[in-house]
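Worksheet for the structure shown next.
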Amino acid sequence: MLLLLGGCASVSVGNIHPKGTPPKSLPKKIYVREFTAPPDVFHVDRSNEKLREFLKKERHAMAVDLAGQLSKYIAPAEILPEEKPVPKGNYWLLQGVYDRVDQGSRALRIGLGFGAGGTKMETRAVFSNLVTGKPVPFLSLLTTGGSGIAPGAWAAFTPAGAFYIPGAVANAGGASLGGLSVDRNRTAREVVATLSEYCLQQHLIPERRTRRPKRLGALPALQRPDFVIPKTGL
């Protein structure tokens with residue numbers, strides 16, 4: 001029997017907290033700061049200079065994913081370098097921090113799967129209004145999730161070798177799609193979906209434009225799928 005779940009990455013959101021006075025309109029632009037990345041929360045097979053380079057690439061890749069999702073569903077967005085001050089006006093700012101990143105084991109995901117060798121990514125994010133020139137938070141949330149639930153090659157075992165081999169190859173391929181790049185992309189999607197739902201609640205966007213986040217402990221909301229092709233690497 002062929003068991004292929006396409007990498008099975010799942011990211012959920014929790015601790016969603018609206019704060020202060022809601023924005024009165026969508027912003028002209030949303031600025032994204034690269035998330036803070038404490039080295040000690042990254043459990044990856046790198047150290048010293050290689051770890052620093054990994055963190056630099058990871059932070060930028062997350063910011064790119066977030067800016068892309070925000071531009072697609074909310075308002076034009078761009079990355080705001082750390083050395084640049086925030087502007088004043090009808091703008092929003094997204095900041096965040098990595099709380100936990102676990103690289104897992106691709107070999108275990110491919111061979112065993114069902115959680116063995118799975119990845120884990122947890123973040124916190126805050127959206128702020130820049131109308132006064134000083135960031136004033138209006139929405140915060142956390143994300144948690146990972147990949148590696150797909151069955152590995154062994155799950156396709158059958159005494160009939162002619163059926164086992166293609167099944168094992170397919171399962172291994174599905175499990176190999178899991179990884180931090182998938183977690184990162186889904187994290188960005190859920191962060192933006194949370195903002196999208198907030199904007200609907202504040203009557204800033206119509207229902208037809210709204211993305212719904214996957215809340216912790218709840219089934220995903222029915223909505224038009226946003227297909228992506230996972231990247232290999234991080």
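Residues in the structure tokens are numbered from 1 in each chain, the chains being A, B, ... in the order shown, and ligands are numbered from 1 in the order shown.
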Could you give me, as an mmCIF file with N, CA and C atoms, in the first residue's frame, the residues within 10 Å of Leu66 of chain A, counting only C-alpha atoms and dropping anything in the same chain fewer than 3 positions from it?
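Resulting contents of part_30.cif:
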```cif
data_model
loop_
_atom_site.group_PDB
_atom_site.id
_atom_site.type_symbol
_atom_site.label_atom_id
_atom_site.label_comp_id
_atom_site.auth_asym_id
_atom_site.auth_seq_id
_atom_site.Cartn_x
_atom_site.Cartn_y
_atom_site.Cartn_z
ATOM 1 N N TYR A 31 6.278 46.982 6.743
ATOM 2 C CA TYR A 31 7.718 46.748 6.829
ATOM 3 C C TYR A 31 7.976 45.504 7.671
ATOM 4 N N VAL A 32 8.930 44.709 7.217
ATOM 5 C CA VAL A 32 9.266 43.464 7.895
ATOM 6 C C VAL A 32 10.706 43.529 8.381
ATOM 7 N N ARG A 33 10.904 43.397 9.672
ATOM 8 C CA ARG A 33 12.249 43.261 10.224
ATOM 9 C C ARG A 33 12.604 41.773 10.233
ATOM 10 N N GLU A 34 13.838 41.438 9.942
ATOM 11 C CA GLU A 34 14.269 40.053 10.078
ATOM 12 C C GLU A 34 14.126 39.636 11.540
ATOM 13 N N HIS A 60 16.895 35.999 6.743
ATOM 14 C CA HIS A 60 16.530 36.707 5.516
ATOM 15 C C HIS A 60 15.471 35.933 4.731
ATOM 16 N N ALA A 61 15.615 34.602 4.688
ATOM 17 C CA ALA A 61 14.635 33.793 3.961
ATOM 18 C C ALA A 61 13.247 33.919 4.582
ATOM 19 N N MET A 62 13.175 33.949 5.913
ATOM 20 C CA MET A 62 11.885 34.117 6.590
ATOM 21 C C MET A 62 11.286 35.475 6.244
ATOM 22 N N ALA A 63 12.115 36.523 6.282
ATOM 23 C CA ALA A 63 11.624 37.869 5.969
ATOM 24 C C ALA A 63 11.109 37.945 4.532
ATOM 25 N N GLN A 69 4.114 36.971 1.317
ATOM 26 C CA GLN A 69 2.747 36.647 1.723
ATOM 27 C C GLN A 69 1.948 37.906 2.060
ATOM 28 N N LEU A 70 2.582 38.849 2.736
ATOM 29 C CA LEU A 70 1.899 40.105 3.081
ATOM 30 C C LEU A 70 1.514 40.878 1.823
ATOM 31 N N SER A 71 2.424 40.938 0.854
ATOM 32 C CA SER A 71 2.136 41.655 -0.390
ATOM 33 C C SER A 71 1.006 40.981 -1.154
ATOM 34 N N LYS A 72 0.936 39.671 -1.064
ATOM 35 C CA LYS A 72 -0.076 38.916 -1.795
ATOM 36 C C LYS A 72 -1.461 39.071 -1.186
ATOM 37 N N ALA A 77 4.574 45.027 0.844
ATOM 38 C CA ALA A 77 5.487 44.835 1.971
ATOM 39 C C ALA A 77 6.922 44.776 1.483
ATOM 40 N N GLU A 78 7.829 45.188 2.346
ATOM 41 C CA GLU A 78 9.251 45.092 2.036
ATOM 42 C C GLU A 78 10.042 44.907 3.329
ATOM 43 N N ILE A 79 11.246 44.372 3.182
ATOM 44 C CA ILE A 79 12.116 44.154 4.330
ATOM 45 C C ILE A 79 12.758 45.480 4.741
ATOM 46 N N LEU A 94 6.228 44.518 11.120
ATOM 47 C CA LEU A 94 6.212 43.149 11.631
ATOM 48 C C LEU A 94 7.587 42.808 12.184
ATOM 49 N N ARG A 184 9.406 27.039 7.522
ATOM 50 C CA ARG A 184 9.515 28.490 7.410
ATOM 51 C C ARG A 184 8.394 29.061 6.545
ATOM 52 N N ASN A 185 8.169 28.428 5.398
ATOM 53 C CA ASN A 185 7.140 28.917 4.495
ATOM 54 C C ASN A 185 5.765 28.833 5.132
ATOM 55 N N ARG A 186 5.488 27.724 5.802
ATOM 56 C CA ARG A 186 4.185 27.581 6.450
ATOM 57 C C ARG A 186 4.043 28.512 7.640
ATOM 58 N N THR A 187 5.142 28.774 8.336
ATOM 59 C CA THR A 187 5.097 29.747 9.430
ATOM 60 C C THR A 187 4.711 31.117 8.896
ATOM 61 N N ALA A 188 5.336 31.526 7.796
ATOM 62 C CA ALA A 188 5.004 32.820 7.190
ATOM 63 C C ALA A 188 3.544 32.866 6.772
ATOM 64 N N ARG A 189 3.063 31.790 6.191
ATOM 65 C CA ARG A 189 1.664 31.752 5.750
ATOM 66 C C ARG A 189 0.702 31.877 6.922
ATOM 67 N N GLU A 190 1.020 31.221 8.043
ATOM 68 C CA GLU A 190 0.112 31.273 9.191
ATOM 69 C C GLU A 190 0.165 32.623 9.892
ATOM 70 N N VAL A 191 1.343 33.244 9.930
ATOM 71 C CA VAL A 191 1.447 34.589 10.500
ATOM 72 C C VAL A 191 0.576 35.551 9.704
ATOM 73 N N VAL A 192 0.676 35.487 8.389
ATOM 74 C CA VAL A 192 -0.091 36.396 7.535
ATOM 75 C C VAL A 192 -1.582 36.044 7.570
#
```
Please provide as an mmCIF file with N, CA and C atoms, in the first residue's frame all residues within 8 Å of Val101 of chain A, with the sequence filter that same-chain residues fewer than 6 positions apart are discarded (counting only C-alpha atoms).
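The file below, part27.cif, is the result:
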```cif
data_model
loop_
_atom_site.group_PDB
_atom_site.id
_atom_site.type_symbol
_atom_site.label_atom_id
_atom_site.label_comp_id
_atom_site.auth_asym_id
_atom_site.auth_seq_id
_atom_site.Cartn_x
_atom_site.Cartn_y
_atom_site.Cartn_z
ATOM 1 N N VAL A 41 18.901 28.752 20.508
ATOM 2 C CA VAL A 41 17.618 28.078 20.271
ATOM 3 C C VAL A 41 17.635 27.296 18.959
ATOM 4 N N PHE A 42 18.750 27.378 18.237
ATOM 5 C CA PHE A 42 18.882 26.655 16.974
ATOM 6 C C PHE A 42 19.649 25.352 17.193
ATOM 7 N N HIS A 43 18.953 24.242 17.018
ATOM 8 C CA HIS A 43 19.561 22.923 17.155
ATOM 9 C C HIS A 43 19.796 22.376 15.742
ATOM 10 N N VAL A 44 20.941 22.738 15.183
ATOM 11 C CA VAL A 44 21.288 22.375 13.814
ATOM 12 C C VAL A 44 22.719 21.854 13.800
ATOM 13 N N THR A 119 11.276 17.904 12.111
ATOM 14 C CA THR A 119 11.765 19.244 12.412
ATOM 15 C C THR A 119 10.800 19.943 13.372
ATOM 16 N N LYS A 120 11.244 21.075 13.906
ATOM 17 C CA LYS A 120 10.391 21.877 14.781
ATOM 18 C C LYS A 120 10.778 23.336 14.639
ATOM 19 N N MET A 121 9.775 24.196 14.496
ATOM 20 C CA MET A 121 10.024 25.632 14.432
ATOM 21 C C MET A 121 8.957 26.362 15.236
ATOM 22 N N GLU A 122 9.401 27.205 16.169
ATOM 23 C CA GLU A 122 8.496 28.003 16.998
ATOM 24 C C GLU A 122 8.937 29.457 16.952
#
```
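Across the model, the gap from atom CA of Val136 of chain A to atom CA of Val86 of chain A is 11.7 Å.
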| request: Can you work out the spacing between atom CA of Gly145 of chain A and atom CA of Ser12 of chain A in Å, to one decimal? | output: 6.1 Å
| Within 12 Å of Gly217 of chain A, counting only C-alpha atoms, which residues qualify if same-chain residues fewer than 2 places away don't, as a ChimeraX atom specification? | /A:10-14,144-145,213-215,219-220
Keeping only C-alpha atoms, write the selected residues to a file as a CSV table (one decimal), in the first residue's frame.
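The new file result_32.csv reads:
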```csv
chain,number,residue,atom,x,y,z
A,10,SER,CA,2.0,21.4,9.9
A,11,VAL,CA,2.2,24.8,11.6
A,12,SER,CA,-0.4,26.3,13.9
A,13,VAL,CA,-0.9,29.6,15.7
A,14,GLY,CA,-1.8,30.3,19.3
A,144,THR,CA,4.6,26.2,16.4
A,145,GLY,CA,4.9,23.2,14.2
A,213,PRO,CA,-5.1,30.6,10.3
A,214,LYS,CA,-4.8,27.1,11.7
A,215,ARG,CA,-5.2,27.4,15.4
A,219,LEU,CA,-8.7,21.6,12.2
A,220,PRO,CA,-7.5,23.9,9.4
```
| request: Just the strand (DSSP E or B) stuff from segment 4-158 of chain A, please, per backbone DSSP, written as a ChimeraX atom specification. | output: /A:9-18,29-32,36,42-43,77-79,91-102,113,120-129,136-147,151
| Counting only C-alpha atoms, what is within 7 Å of Phe35 of chain A, bar same-chain residues fewer than 6 positions away, as a list in words? | Arg59, Gln95, Gly96, Val97 and Tyr98 of chain A
| said: Using only C-alpha atoms, which protein or nucleic acid residues come within 10 Å of His203 of chain A? Drop anything in the same chain fewer than 6 positions from it, and give the result as JSON, numbers by chain. | reply: {"A": [24, 25, 26, 197]}
